Amino acid sequence: MEIITVFGVRWRVAPLWEVLVTLFVILVIIGFFALLRYNQYLKLKKSSIEQLFIYKARQRGLTGYQIRILQHIVALSKLSSPEVIFNNITIFETGLLKFLQYIKKSRDIFNEDLKDIFKDIVITYERIYNPVEYQEPLNSPDELTADTMLCGYSATGRAFIAKITQITEDAIHCKYFRKPEDIPADIIAEQVTIFFFRNGDAEYSFDSKIIAIQENAIVLQKPQAFKRGKEVHHPYIQTLIPCTIQLKNDESKNSEEVIIQHDETVSINGTIERLNEYEAVIRVEERLEYQKEYILFFTLENFKIEILSTIIASRTITKEKIIYYTFKLVQMSEAAKNVISKYVKERL
């Protein structure tokens, strides 16, 4: 260590190499903490992105299992911003091809599992890219539309997933998600069950057979009819809304002046305890009749609402002599529909 004199004061000066080493150590410590902070920032950012992704997925009604499938598709697509998949069908379909290749190579997934996995993929696709709140039930296969995703499976456990591209008089042409050689030629001789899902409506299925395989497309025999399965559940919100129930006047069927007429001599008070855009669960203390039409009166957001309704279910608590009726909301004004829709969505 050197000693120097400055203005009559003697100073001990460390060698240059010690100074450089000290500065290096200080810089290393500063750099370490900077990297630590940056790593924490990246983890927080990644967590925020994942939470936003899950939030958007749940907004579209996806289950936890369907979200995991979607996360696999996103991971295989190597997206820097996963939420872009909600607005880009091409990204989903490209990722789906990679996901199906992954499934094919996986030893943990058996043929019997594919049926449920493919059903969840179909539902996921429809919930994301066809986010309608309500659709009228289909009456015949002629009402099917292009771009509907479907999956098929045979009695021997073979399964496939495809999307409708064209519907002709006797056939349904579909884009096949996998390489053409991945579907065995002898499946043409087998009967297959086709499953598809309509958001805001229900699950559907029909029996058919593959009548041709053309490169990356398959052709299905168009069915004469199909089965309507489990309906889409519309979540309820908890409420305590006083209401009045009146029996509809049958004479209103011949009336053109008034949309809904009612018999004012029959009036029952109740409380709406659960509500969604299409149904209401109402607590009353008197018995009502099935196969009758009723008018519900209540006030929501300072708006007086009048709805034609029918009873679809009931539950009785014997000790308290209380009956819970589930009413289907059949007919209402457009303004009333908008008020209920806004009220429900804000409280989900």
# chains A, B, ... in the order shown; residues from 1 in each chain; ligands from 1

$ closest_atom_pairs --of "range 267-287 of chain A" --to "range 241-247 of chain A" --cutoff "10 Å" --atoms "only C-alpha atoms" --output "CSV"
residue,atom,partner,partner_atom,distance
A:Ser267,CA,A:Gln246,CA,4.8
A:Ile268,CA,A:Ile245,CA,5.0
A:Asn269,CA,A:Thr244,CA,4.6
A:Gly270,CA,A:Cys243,CA,5.3
A:Thr271,CA,A:Pro242,CA,4.5
A:Ile272,CA,A:Ile241,CA,5.0
A:Glu273,CA,A:Ile241,CA,6.8
A:Arg274,CA,A:Ile241,CA,9.0
A:Leu275,CA,A:Ile241,CA,9.5
A:Ile282,CA,A:Cys243,CA,8.5
A:Arg283,CA,A:Pro242,CA,9.6
A:Val284,CA,A:Ile245,CA,9.4

$ write_last_selection --atoms "C-alpha atoms" --output "mmCIF file, in the first residue's frame"
data_model
loop_
_atom_site.group_PDB
_atom_site.id
_atom_site.type_symbol
_atom_site.label_atom_id
_atom_site.label_comp_id
_atom_site.auth_asym_id
_atom_site.auth_seq_id
_atom_site.Cartn_x
_atom_site.Cartn_y
_atom_site.Cartn_z
ATOM 1 C CA SER A 267 -102.345 -12.919 -8.523
ATOM 2 C CA ILE A 268 -99.611 -14.608 -6.473
ATOM 3 C CA ASN A 269 -96.710 -12.893 -4.774
ATOM 4 C CA GLY A 270 -93.267 -14.441 -4.894
ATOM 5 C CA THR A 271 -89.533 -13.754 -4.742
ATOM 6 C CA ILE A 272 -87.060 -14.300 -7.575
ATOM 7 C CA GLU A 273 -84.103 -15.970 -5.838
ATOM 8 C CA ARG A 274 -82.044 -16.935 -8.880
ATOM 9 C CA LEU A 275 -82.030 -15.428 -12.347
ATOM 10 C CA ILE A 282 -89.085 -18.141 -7.867
ATOM 11 C CA ARG A 283 -90.107 -18.882 -4.264
ATOM 12 C CA VAL A 284 -93.841 -18.963 -3.582
#

$ residues_around --residues "range 159-164 of chain A" --least-positions-apart "5" --cutoff "10 Å" --atoms "only C-alpha atoms" --output "VMD selection string"
chain A and resid 96 100 111 to 115 118 to 119 121 to 122 144 to 154 172 to 178 182 to 183 187 192 to 196 216 to 220

$ atom_distance --atom1 "CA of Ala171 in chain A" --atom2 "CA of Gln214 in chain A"
13.5 Å

$ closest_residue --among "A:Ile188, A:Leu35, A:Ile67, A:Val21" --to "Arg127 in chain A" --atoms "only C-alpha atoms"
A:Ile67

$ residues_around --residues "range 309-311 of chain A" --least-positions-apart "4" --cutoff "12 Å" --atoms "only C-alpha atoms" --output "ChimeraX atom specification"
/A:245-248,260,262,278-282,287-297,315,324-332

$ write_last_selection --atoms "N, CA and C atoms" --output "compact mmCIF listing (two decimals), in the first residue's frame"
# COMPACT_ATOMS: atom_id res chain seq x y z
N ILE A 245 -97.02 -13.04 -9.85
CA ILE A 245 -97.29 -14.05 -10.88
C ILE A 245 -98.78 -14.06 -11.17
N GLN A 246 -99.13 -13.95 -12.44
CA GLN A 246 -100.54 -13.99 -12.83
C GLN A 246 -100.73 -14.99 -13.96
N LEU A 247 -101.85 -15.69 -13.91
CA LEU A 247 -102.17 -16.67 -14.95
C LEU A 247 -102.53 -15.94 -16.23
N LYS A 248 -101.98 -16.40 -17.34
CA LYS A 248 -102.27 -15.76 -18.61
C LYS A 248 -103.72 -16.05 -19.04
N ILE A 260 -99.31 -9.27 -24.42
CA ILE A 260 -99.58 -10.23 -23.34
C ILE A 260 -100.77 -9.74 -22.53
N HIS A 262 -103.51 -10.82 -19.29
CA HIS A 262 -103.51 -11.66 -18.11
C HIS A 262 -104.82 -11.51 -17.35
N TYR A 278 -82.52 -16.50 -19.31
CA TYR A 278 -83.56 -17.33 -19.90
C TYR A 278 -84.47 -18.01 -18.88
N GLU A 279 -84.07 -17.98 -17.59
CA GLU A 279 -84.85 -18.67 -16.57
C GLU A 279 -84.85 -17.88 -15.27
N ALA A 280 -85.84 -18.16 -14.43
CA ALA A 280 -85.92 -17.54 -13.11
C ALA A 280 -86.42 -18.59 -12.11
N VAL A 281 -85.75 -18.68 -10.97
CA VAL A 281 -86.19 -19.57 -9.89
C VAL A 281 -86.92 -18.70 -8.88
N ILE A 282 -88.22 -19.00 -8.68
CA ILE A 282 -89.09 -18.14 -7.87
C ILE A 282 -89.63 -18.92 -6.67
N ARG A 287 -99.30 -23.44 -4.71
CA ARG A 287 -99.01 -24.34 -5.81
C ARG A 287 -99.49 -23.75 -7.14
N LEU A 288 -98.69 -23.94 -8.15
CA LEU A 288 -99.03 -23.51 -9.50
C LEU A 288 -99.13 -24.75 -10.39
N GLU A 289 -99.77 -24.60 -11.52
CA GLU A 289 -100.00 -25.72 -12.42
C GLU A 289 -98.99 -25.73 -13.56
N TYR A 290 -98.50 -26.94 -13.84
CA TYR A 290 -97.66 -27.10 -15.04
C TYR A 290 -98.55 -26.96 -16.28
N GLN A 291 -97.91 -26.81 -17.43
CA GLN A 291 -98.59 -26.71 -18.73
C GLN A 291 -99.52 -25.50 -18.81
N LYS A 292 -99.28 -24.54 -17.94
CA LYS A 292 -100.01 -23.26 -18.00
C LYS A 292 -99.01 -22.16 -18.32
N GLU A 293 -99.50 -21.07 -18.85
CA GLU A 293 -98.65 -19.92 -19.12
C GLU A 293 -98.94 -18.83 -18.09
N TYR A 294 -97.85 -18.26 -17.57
CA TYR A 294 -97.98 -17.24 -16.53
C TYR A 294 -97.27 -15.96 -16.97
N ILE A 295 -97.68 -14.86 -16.35
CA ILE A 295 -97.03 -13.58 -16.59
C ILE A 295 -96.30 -13.18 -15.31
N LEU A 296 -95.01 -12.91 -15.44
CA LEU A 296 -94.21 -12.44 -14.31
C LEU A 296 -94.10 -10.92 -14.38
N PHE A 297 -94.32 -10.29 -13.24
CA PHE A 297 -94.16 -8.84 -13.13
C PHE A 297 -93.13 -8.54 -12.05
N ARG A 315 -89.41 -27.53 -6.84
CA ARG A 315 -88.85 -28.19 -5.66
C ARG A 315 -89.61 -27.70 -4.44
N TYR A 324 -90.30 -23.88 -4.75
CA TYR A 324 -89.42 -23.17 -5.69
C TYR A 324 -89.75 -23.64 -7.10
N TYR A 325 -90.22 -22.72 -7.92
CA TYR A 325 -90.54 -23.03 -9.31
C TYR A 325 -89.47 -22.41 -10.23
N THR A 326 -89.05 -23.20 -11.21
CA THR A 326 -88.15 -22.69 -12.24
C THR A 326 -88.99 -22.33 -13.46
N PHE A 327 -89.00 -21.05 -13.80
CA PHE A 327 -89.77 -20.56 -14.94
C PHE A 327 -88.85 -20.34 -16.14
N LYS A 328 -89.29 -20.77 -17.29
CA LYS A 328 -88.61 -20.42 -18.53
C LYS A 328 -89.19 -19.10 -19.03
N LEU A 329 -88.31 -18.13 -19.31
CA LEU A 329 -88.76 -16.82 -19.77
C LEU A 329 -88.99 -16.88 -21.27
N VAL A 330 -90.24 -16.95 -21.66
CA VAL A 330 -90.60 -17.25 -23.04
C VAL A 330 -90.67 -16.01 -23.92
N GLN A 331 -91.39 -14.99 -23.46
CA GLN A 331 -91.63 -13.82 -24.30
C GLN A 331 -91.54 -12.54 -23.48
N MET A 332 -90.75 -11.59 -23.98
CA MET A 332 -90.61 -10.28 -23.32
C MET A 332 -90.21 -9.25 -24.36

$ atom_distance --atom1 "CA of Val339 in chain A" --atom2 "CA of Ile237 in chain A"
14.4 Å

$ select_by_dssp --residues "range 14-262 of chain A" --states "helix (DSSP H, G or I)" --output "compact mmCIF listing (two decimals) with N, CA and C atoms, in the first residue's frame"
# COMPACT_ATOMS: atom_id res chain seq x y z
N LEU A 16 -3.71 -0.33 -7.30
CA LEU A 16 -4.73 -0.23 -8.34
C LEU A 16 -5.52 -1.52 -8.49
N TRP A 17 -4.83 -2.65 -8.39
CA TRP A 17 -5.52 -3.93 -8.60
C TRP A 17 -6.58 -4.17 -7.53
N GLU A 18 -6.29 -3.72 -6.25
CA GLU A 18 -7.27 -3.88 -5.19
C GLU A 18 -8.51 -3.01 -5.45
N VAL A 19 -8.26 -1.80 -5.95
CA VAL A 19 -9.37 -0.91 -6.29
C VAL A 19 -10.24 -1.52 -7.37
N LEU A 20 -9.59 -2.06 -8.40
CA LEU A 20 -10.34 -2.66 -9.51
C LEU A 20 -11.14 -3.88 -9.06
N VAL A 21 -10.50 -4.68 -8.17
CA VAL A 21 -11.21 -5.87 -7.67
C VAL A 21 -12.43 -5.46 -6.85
N THR A 22 -12.25 -4.43 -6.00
CA THR A 22 -13.38 -3.94 -5.18
C THR A 22 -14.52 -3.42 -6.04
N LEU A 23 -14.13 -2.64 -7.06
CA LEU A 23 -15.16 -2.13 -7.98
C LEU A 23 -15.86 -3.26 -8.71
N PHE A 24 -15.11 -4.28 -9.09
CA PHE A 24 -15.69 -5.43 -9.80
C PHE A 24 -16.70 -6.15 -8.91
N VAL A 25 -16.29 -6.35 -7.64
CA VAL A 25 -17.19 -7.04 -6.70
C VAL A 25 -18.48 -6.24 -6.50
N ILE A 26 -18.32 -4.91 -6.34
CA ILE A 26 -19.50 -4.05 -6.18
C ILE A 26 -20.41 -4.14 -7.40
N LEU A 27 -19.81 -4.09 -8.60
CA LEU A 27 -20.60 -4.19 -9.83
C LEU A 27 -21.29 -5.54 -9.95
N VAL A 28 -20.59 -6.61 -9.52
CA VAL A 28 -21.20 -7.95 -9.56
C VAL A 28 -22.41 -8.01 -8.64
N ILE A 29 -22.27 -7.43 -7.43
CA ILE A 29 -23.40 -7.43 -6.48
C ILE A 29 -24.57 -6.63 -7.04
N ILE A 30 -24.26 -5.44 -7.59
CA ILE A 30 -25.31 -4.61 -8.19
C ILE A 30 -25.98 -5.35 -9.34
N GLY A 31 -25.15 -5.98 -10.19
CA GLY A 31 -25.70 -6.74 -11.32
C GLY A 31 -26.56 -7.90 -10.88
N PHE A 32 -26.12 -8.59 -9.78
CA PHE A 32 -26.89 -9.72 -9.26
C PHE A 32 -28.29 -9.29 -8.81
N PHE A 33 -28.33 -8.18 -8.03
CA PHE A 33 -29.62 -7.69 -7.55
C PHE A 33 -30.48 -7.15 -8.70
N ALA A 34 -29.82 -6.56 -9.72
CA ALA A 34 -30.56 -6.09 -10.89
C ALA A 34 -31.19 -7.25 -11.63
N LEU A 35 -30.40 -8.33 -11.81
CA LEU A 35 -30.92 -9.53 -12.48
C LEU A 35 -32.03 -10.18 -11.65
N LEU A 36 -31.86 -10.16 -10.32
CA LEU A 36 -32.89 -10.72 -9.45
C LEU A 36 -34.20 -9.96 -9.58
N ARG A 37 -34.08 -8.63 -9.58
CA ARG A 37 -35.28 -7.80 -9.75
C ARG A 37 -35.92 -8.02 -11.11
N TYR A 38 -35.08 -8.12 -12.12
CA TYR A 38 -35.60 -8.33 -13.48
C TYR A 38 -36.27 -9.69 -13.60
N ASN A 39 -35.68 -10.69 -12.95
CA ASN A 39 -36.28 -12.03 -12.97
C ASN A 39 -37.64 -12.02 -12.26
N GLN A 40 -37.71 -11.29 -11.15
CA GLN A 40 -38.99 -11.16 -10.44
C GLN A 40 -40.02 -10.45 -11.31
N TYR A 41 -39.56 -9.45 -12.04
CA TYR A 41 -40.46 -8.72 -12.95
C TYR A 41 -40.99 -9.64 -14.04
N LEU A 42 -40.09 -10.48 -14.61
CA LEU A 42 -40.52 -11.41 -15.67
C LEU A 42 -41.51 -12.43 -15.12
N LYS A 43 -41.25 -12.94 -13.90
CA LYS A 43 -42.18 -13.90 -13.30
C LYS A 43 -43.54 -13.27 -13.06
N LEU A 44 -43.53 -12.02 -12.56
CA LEU A 44 -44.79 -11.32 -12.31
C LEU A 44 -45.54 -11.06 -13.62
N LYS A 45 -44.77 -10.67 -14.65
CA LYS A 45 -45.38 -10.43 -15.96
C LYS A 45 -45.97 -11.71 -16.53
N LYS A 46 -45.22 -12.83 -16.41
CA LYS A 46 -45.70 -14.12 -16.90
C LYS A 46 -46.95 -14.54 -16.15
N SER A 47 -46.94 -14.35 -14.82
CA SER A 47 -48.10 -14.70 -14.01
C SER A 47 -49.31 -13.86 -14.40
N SER A 48 -49.09 -12.57 -14.65
CA SER A 48 -50.18 -11.67 -15.05
C SER A 48 -50.76 -12.10 -16.39
N ILE A 49 -49.87 -12.47 -17.33
CA ILE A 49 -50.33 -12.92 -18.65
C ILE A 49 -51.13 -14.20 -18.53
N GLU A 50 -50.65 -15.13 -17.69
CA GLU A 50 -51.36 -16.39 -17.49
C GLU A 50 -52.72 -16.16 -16.84
N GLN A 51 -52.77 -15.27 -15.86
CA GLN A 51 -54.04 -14.97 -15.18
C GLN A 51 -55.03 -14.32 -16.14
N LEU A 52 -54.53 -13.42 -16.99
CA LEU A 52 -55.39 -12.78 -17.99
C LEU A 52 -55.92 -13.81 -18.97
N PHE A 53 -55.04 -14.73 -19.37
CA PHE A 53 -55.43 -15.79 -20.30
C PHE A 53 -56.53 -16.66 -19.68
N ILE A 54 -56.33 -17.07 -18.42
CA ILE A 54 -57.31 -17.92 -17.74
C ILE A 54 -58.62 -17.16 -17.54
N TYR A 55 -58.53 -15.88 -17.20
CA TYR A 55 -59.73 -15.06 -17.03
C TYR A 55 -60.54 -15.00 -18.32
N LYS A 56 -59.86 -14.76 -19.46
CA LYS A 56 -60.56 -14.69 -20.74
C LYS A 56 -61.16 -16.04 -21.11
N ALA A 57 -60.45 -17.13 -20.76
CA ALA A 57 -60.97 -18.47 -21.05
C ALA A 57 -62.22 -18.75 -20.23
N ARG A 58 -62.19 -18.38 -18.96
CA ARG A 58 -63.36 -18.60 -18.10
C ARG A 58 -64.53 -17.71 -18.52
N GLN A 59 -64.22 -16.52 -19.02
CA GLN A 59 -65.28 -15.64 -19.53
C GLN A 59 -66.07 -16.33 -20.64
N GLY A 64 -62.05 -26.15 -16.36
CA GLY A 64 -60.63 -26.23 -16.03
C GLY A 64 -59.89 -27.16 -16.98
N TYR A 65 -60.50 -28.30 -17.33
CA TYR A 65 -59.85 -29.26 -18.23
C TYR A 65 -59.72 -28.68 -19.63
N GLN A 66 -60.74 -27.98 -20.10
CA GLN A 66 -60.69 -27.36 -21.42
C GLN A 66 -59.63 -26.25 -21.47
N ILE A 67 -59.46 -25.53 -20.37
CA ILE A 67 -58.42 -24.50 -20.30
C ILE A 67 -57.04 -25.14 -20.41
N ARG A 68 -56.85 -26.29 -19.75
CA ARG A 68 -55.55 -26.98 -19.84
C ARG A 68 -55.25 -27.44 -21.25
N ILE A 69 -56.28 -27.92 -21.96
CA ILE A 69 -56.10 -28.32 -23.36
C ILE A 69 -55.69 -27.10 -24.19
N LEU A 70 -56.36 -25.98 -23.96
CA LEU A 70 -56.04 -24.76 -24.69
C LEU A 70 -54.63 -24.29 -24.37
N GLN A 71 -54.21 -24.42 -23.12
CA GLN A 71 -52.85 -24.03 -22.74
C GLN A 71 -51.82 -24.90 -23.45
N HIS A 72 -52.12 -26.19 -23.63
CA HIS A 72 -51.22 -27.08 -24.38
C HIS A 72 -51.10 -26.61 -25.82
N ILE A 73 -52.23 -26.25 -26.42
CA ILE A 73 -52.22 -25.78 -27.81
C ILE A 73 -51.41 -24.50 -27.94
N VAL A 74 -51.56 -23.60 -26.96
CA VAL A 74 -50.80 -22.35 -26.96
C VAL A 74 -49.31 -22.62 -26.81
N ALA A 75 -48.95 -23.54 -25.89
CA ALA A 75 -47.54 -23.85 -25.66
C ALA A 75 -46.89 -24.46 -26.91
N LEU A 76 -47.62 -25.35 -27.58
CA LEU A 76 -47.09 -25.98 -28.79
C LEU A 76 -47.00 -24.98 -29.94
N SER A 77 -47.82 -23.93 -29.89
CA SER A 77 -47.78 -22.89 -30.92
C SER A 77 -46.67 -21.87 -30.66
N PRO A 82 -50.19 -15.32 -25.34
CA PRO A 82 -51.17 -16.40 -25.52
C PRO A 82 -52.59 -15.95 -25.82
N GLU A 83 -52.99 -14.75 -25.34
CA GLU A 83 -54.39 -14.33 -25.52
C GLU A 83 -54.74 -14.05 -26.98
N VAL A 84 -53.74 -13.96 -27.88
CA VAL A 84 -54.05 -13.69 -29.29
C VAL A 84 -54.83 -14.85 -29.91
N ILE A 85 -54.74 -16.03 -29.28
CA ILE A 85 -55.44 -17.19 -29.83
C ILE A 85 -56.95 -17.00 -29.80
N PHE A 86 -57.45 -16.13 -28.89
CA PHE A 86 -58.89 -15.91 -28.79
C PHE A 86 -59.44 -15.16 -30.00
N ASN A 87 -58.57 -14.52 -30.77
CA ASN A 87 -59.02 -13.73 -31.92
C ASN A 87 -58.51 -14.26 -33.25
N ILE A 89 -58.47 -17.77 -35.44
CA ILE A 89 -58.84 -19.18 -35.64
C ILE A 89 -57.67 -19.96 -36.26
N THR A 90 -56.92 -19.32 -37.14
CA THR A 90 -55.81 -20.00 -37.82
C THR A 90 -54.77 -20.48 -36.81
N ILE A 91 -54.46 -19.64 -35.83
CA ILE A 91 -53.50 -20.04 -34.79
C ILE A 91 -54.01 -21.26 -34.04
N PHE A 92 -55.31 -21.26 -33.70
CA PHE A 92 -55.89 -22.39 -32.99
C PHE A 92 -55.78 -23.67 -33.82
N GLU A 93 -56.14 -23.59 -35.08
CA GLU A 93 -56.14 -24.78 -35.93
C GLU A 93 -54.73 -25.30 -36.16
N THR A 94 -53.76 -24.39 -36.33
CA THR A 94 -52.37 -24.81 -36.50
C THR A 94 -51.86 -25.48 -35.23
N GLY A 95 -52.18 -24.87 -34.09
CA GLY A 95 -51.79 -25.46 -32.82
C GLY A 95 -52.49 -26.78 -32.56
N LEU A 96 -53.73 -26.90 -33.03
CA LEU A 96 -54.49 -28.14 -32.86
C LEU A 96 -53.81 -29.30 -33.59
N LEU A 97 -53.30 -29.04 -34.79
CA LEU A 97 -52.58 -30.08 -35.54
C LEU A 97 -51.38 -30.58 -34.74
N LYS A 98 -50.63 -29.65 -34.15
CA LYS A 98 -49.47 -30.02 -33.34
C LYS A 98 -49.90 -30.78 -32.08
N PHE A 99 -51.02 -30.35 -31.49
CA PHE A 99 -51.52 -31.01 -30.29
C PHE A 99 -51.94 -32.45 -30.60
N LEU A 100 -52.58 -32.66 -31.74
CA LEU A 100 -53.01 -34.01 -32.12
C LEU A 100 -51.81 -34.90 -32.42
N GLN A 101 -50.74 -34.33 -32.98
CA GLN A 101 -49.51 -35.09 -33.19
C GLN A 101 -48.88 -35.47 -31.85
N TYR A 102 -48.95 -34.53 -30.91
CA TYR A 102 -48.44 -34.81 -29.56
C TYR A 102 -49.23 -35.96 -28.91
N ILE A 103 -50.56 -35.92 -29.05
CA ILE A 103 -51.40 -36.98 -28.50
C ILE A 103 -51.06 -38.33 -29.12
N LYS A 104 -50.83 -38.32 -30.43
CA LYS A 104 -50.54 -39.56 -31.15
C LYS A 104 -49.28 -40.24 -30.60
N LYS A 105 -48.29 -39.41 -30.22
CA LYS A 105 -47.01 -39.95 -29.72
C LYS A 105 -47.05 -40.27 -28.23
N ASN A 111 -56.89 -44.88 -26.83
CA ASN A 111 -57.99 -44.60 -27.77
C ASN A 111 -59.28 -44.24 -27.06
N GLU A 112 -59.54 -44.91 -25.92
CA GLU A 112 -60.80 -44.64 -25.22
C GLU A 112 -60.82 -43.24 -24.62
N ASP A 113 -59.63 -42.63 -24.43
CA ASP A 113 -59.57 -41.26 -23.90
C ASP A 113 -59.84 -40.22 -24.98
N LEU A 114 -59.57 -40.58 -26.24
CA LEU A 114 -59.66 -39.61 -27.32
C LEU A 114 -61.08 -39.07 -27.48
N LYS A 115 -62.07 -39.91 -27.25
CA LYS A 115 -63.46 -39.49 -27.41
C LYS A 115 -63.75 -38.26 -26.54
N ASP A 116 -63.38 -38.32 -25.25
CA ASP A 116 -63.65 -37.21 -24.34
C ASP A 116 -62.76 -36.01 -24.65
N ILE A 117 -61.49 -36.26 -25.01
CA ILE A 117 -60.58 -35.16 -25.34
C ILE A 117 -61.09 -34.40 -26.56
N PHE A 118 -61.51 -35.14 -27.59
CA PHE A 118 -61.98 -34.49 -28.82
C PHE A 118 -63.28 -33.73 -28.58
N LYS A 119 -64.15 -34.26 -27.72
CA LYS A 119 -65.38 -33.54 -27.38
C LYS A 119 -65.05 -32.19 -26.74
N ASP A 120 -64.08 -32.21 -25.82
CA ASP A 120 -63.69 -30.97 -25.15
C ASP A 120 -63.05 -29.98 -26.13
N ILE A 121 -62.32 -30.48 -27.12
CA ILE A 121 -61.73 -29.60 -28.13
C ILE A 121 -62.84 -28.94 -28.95
N VAL A 122 -63.84 -29.72 -29.34
CA VAL A 122 -64.97 -29.18 -30.11
C VAL A 122 -65.69 -28.09 -29.31
N ILE A 123 -65.97 -28.37 -28.04
CA ILE A 123 -66.66 -27.39 -27.19
C ILE A 123 -65.80 -26.14 -27.00
N THR A 124 -64.50 -26.34 -26.79
CA THR A 124 -63.58 -25.21 -26.63
C THR A 124 -63.59 -24.32 -27.86
N TYR A 125 -63.51 -24.92 -29.03
CA TYR A 125 -63.50 -24.17 -30.29
C TYR A 125 -64.78 -23.34 -30.44
N GLU A 126 -65.91 -23.97 -30.19
CA GLU A 126 -67.19 -23.27 -30.38
C GLU A 126 -67.39 -22.17 -29.35
N ARG A 127 -66.96 -22.40 -28.11
CA ARG A 127 -67.12 -21.37 -27.08
C ARG A 127 -66.24 -20.15 -27.36
N ILE A 128 -65.07 -20.37 -27.94
CA ILE A 128 -64.15 -19.26 -28.21
C ILE A 128 -64.57 -18.48 -29.45
N TYR A 129 -64.87 -19.19 -30.54
CA TYR A 129 -65.04 -18.52 -31.83
C TYR A 129 -66.50 -18.33 -32.24
N PRO A 141 -80.82 -31.71 -40.04
CA PRO A 141 -79.43 -31.58 -40.49
C PRO A 141 -79.24 -30.51 -41.56
N ASP A 142 -80.32 -30.14 -42.26
CA ASP A 142 -80.21 -29.11 -43.29
C ASP A 142 -79.84 -27.74 -42.69
N GLU A 143 -80.04 -27.59 -41.38
CA GLU A 143 -79.73 -26.33 -40.72
C GLU A 143 -78.28 -26.24 -40.24
N PRO A 180 -53.53 -37.17 -43.81
CA PRO A 180 -54.45 -38.13 -44.41
C PRO A 180 -54.12 -39.58 -44.09
N GLU A 181 -52.83 -39.88 -43.99
CA GLU A 181 -52.46 -41.29 -43.76
C GLU A 181 -52.72 -41.72 -42.32
N ASP A 182 -53.06 -40.75 -41.45
CA ASP A 182 -53.30 -41.09 -40.05
C ASP A 182 -54.67 -41.72 -39.81
N ALA A 185 -57.80 -46.66 -43.72
CA ALA A 185 -58.76 -46.76 -44.83
C ALA A 185 -59.97 -47.61 -44.48
N ASP A 186 -59.78 -48.61 -43.60
CA ASP A 186 -60.90 -49.51 -43.31
C ASP A 186 -61.95 -48.88 -42.39
N ILE A 187 -61.71 -47.65 -41.92
CA ILE A 187 -62.75 -46.98 -41.12
C ILE A 187 -63.94 -46.62 -41.99
N ILE A 188 -63.75 -46.59 -43.30
CA ILE A 188 -64.85 -46.30 -44.22
C ILE A 188 -65.97 -47.32 -44.07
N ALA A 189 -65.62 -48.52 -43.69
CA ALA A 189 -66.62 -49.58 -43.57
C ALA A 189 -67.34 -49.55 -42.22
N ASP A 250 -106.34 -17.00 -21.60
CA ASP A 250 -106.32 -17.73 -22.87
C ASP A 250 -106.91 -16.92 -24.01
N GLU A 251 -107.77 -15.97 -23.70
CA GLU A 251 -108.39 -15.18 -24.76
C GLU A 251 -107.38 -14.28 -25.46
N SER A 252 -106.20 -14.09 -24.84
CA SER A 252 -105.19 -13.22 -25.45
C SER A 252 -104.63 -13.79 -26.74
N LYS A 253 -104.85 -15.09 -26.96
CA LYS A 253 -104.37 -15.69 -28.21
C LYS A 253 -105.04 -15.06 -29.42
N ASN A 254 -106.26 -14.55 -29.22
CA ASN A 254 -106.96 -13.95 -30.34
C ASN A 254 -106.82 -12.44 -30.38

$ closest_residue --among "A:Glu215, A:Glu301, A:Asp170, A:Glu203" --to "Tyr343 in chain A" --atoms "only C-alpha atoms"
A:Glu301

$ select_by_dssp --residues "range 131-241 of chain A" --states "strand (DSSP E)" --output "CSV table (one decimal) with C-alpha atoms, in the first residue's frame"
chain,number,residue,atom,x,y,z
A,149,MET,CA,-66.3,-28.3,-35.7
A,150,LEU,CA,-67.1,-31.9,-35.0
A,151,CYS,CA,-65.5,-35.1,-33.8
A,152,GLY,CA,-66.3,-38.7,-34.7
A,153,TYR,CA,-65.6,-42.1,-33.1
A,154,SER,CA,-66.3,-45.6,-34.0
A,159,ALA,CA,-61.6,-41.2,-33.3
A,160,PHE,CA,-61.0,-38.1,-35.4
A,161,ILE,CA,-61.7,-34.4,-35.4
A,162,ALA,CA,-62.8,-32.3,-38.3
A,163,LYS,CA,-64.5,-29.0,-39.4
A,164,ILE,CA,-67.4,-28.7,-41.9
A,165,THR,CA,-66.4,-27.0,-45.1
A,166,GLN,CA,-69.4,-27.8,-47.3
A,167,ILE,CA,-72.8,-29.4,-47.0
A,171,ALA,CA,-73.0,-35.5,-47.8
A,172,ILE,CA,-71.0,-33.4,-45.3
A,173,HIS,CA,-67.5,-32.4,-46.5
A,174,CYS,CA,-65.0,-31.7,-43.7
A,175,LYS,CA,-61.5,-30.5,-43.2
A,176,TYR,CA,-59.6,-33.3,-41.4
A,191,GLN,CA,-70.4,-46.8,-38.5
A,192,VAL,CA,-69.3,-43.7,-36.7
A,193,THR,CA,-71.0,-41.4,-34.1
A,194,ILE,CA,-70.6,-37.7,-34.8
A,195,PHE,CA,-70.6,-35.2,-32.0
A,196,PHE,CA,-70.9,-31.4,-32.3
A,197,PHE,CA,-71.7,-28.5,-30.0
A,202,ALA,CA,-76.9,-27.8,-26.7
A,203,GLU,CA,-74.8,-30.8,-27.6
A,204,TYR,CA,-75.8,-32.9,-30.7
A,205,SER,CA,-74.9,-36.2,-32.1
A,206,PHE,CA,-75.9,-38.4,-35.1
A,207,ASP,CA,-74.9,-41.7,-36.6
A,208,SER,CA,-73.2,-41.7,-39.9
A,209,LYS,CA,-70.3,-43.2,-41.9
A,210,ILE,CA,-67.3,-42.0,-43.8
A,211,ILE,CA,-68.0,-42.4,-47.4
A,212,ALA,CA,-64.7,-41.0,-48.8
A,213,ILE,CA,-61.3,-39.8,-47.8
A,214,GLN,CA,-59.8,-37.1,-50.1
A,217,ALA,CA,-60.7,-34.0,-46.2
A,218,ILE,CA,-63.3,-36.6,-45.2
A,219,VAL,CA,-66.8,-36.9,-46.5
A,220,LEU,CA,-69.6,-38.0,-44.2
A,221,GLN,CA,-72.9,-39.4,-45.1
A,227,LYS,CA,-80.1,-36.3,-31.3
A,228,ARG,CA,-80.2,-33.2,-29.1
A,229,GLY,CA,-78.3,-33.9,-25.9
A,230,LYS,CA,-77.3,-31.9,-22.9
A,231,GLU,CA,-78.4,-28.3,-23.1
A,237,ILE,CA,-77.0,-15.1,-10.2
A,238,GLN,CA,-78.4,-14.9,-6.6
A,239,THR,CA,-81.2,-12.3,-6.2
A,240,LEU,CA,-84.0,-11.2,-3.9
A,241,ILE,CA,-86.4,-9.6,-6.3
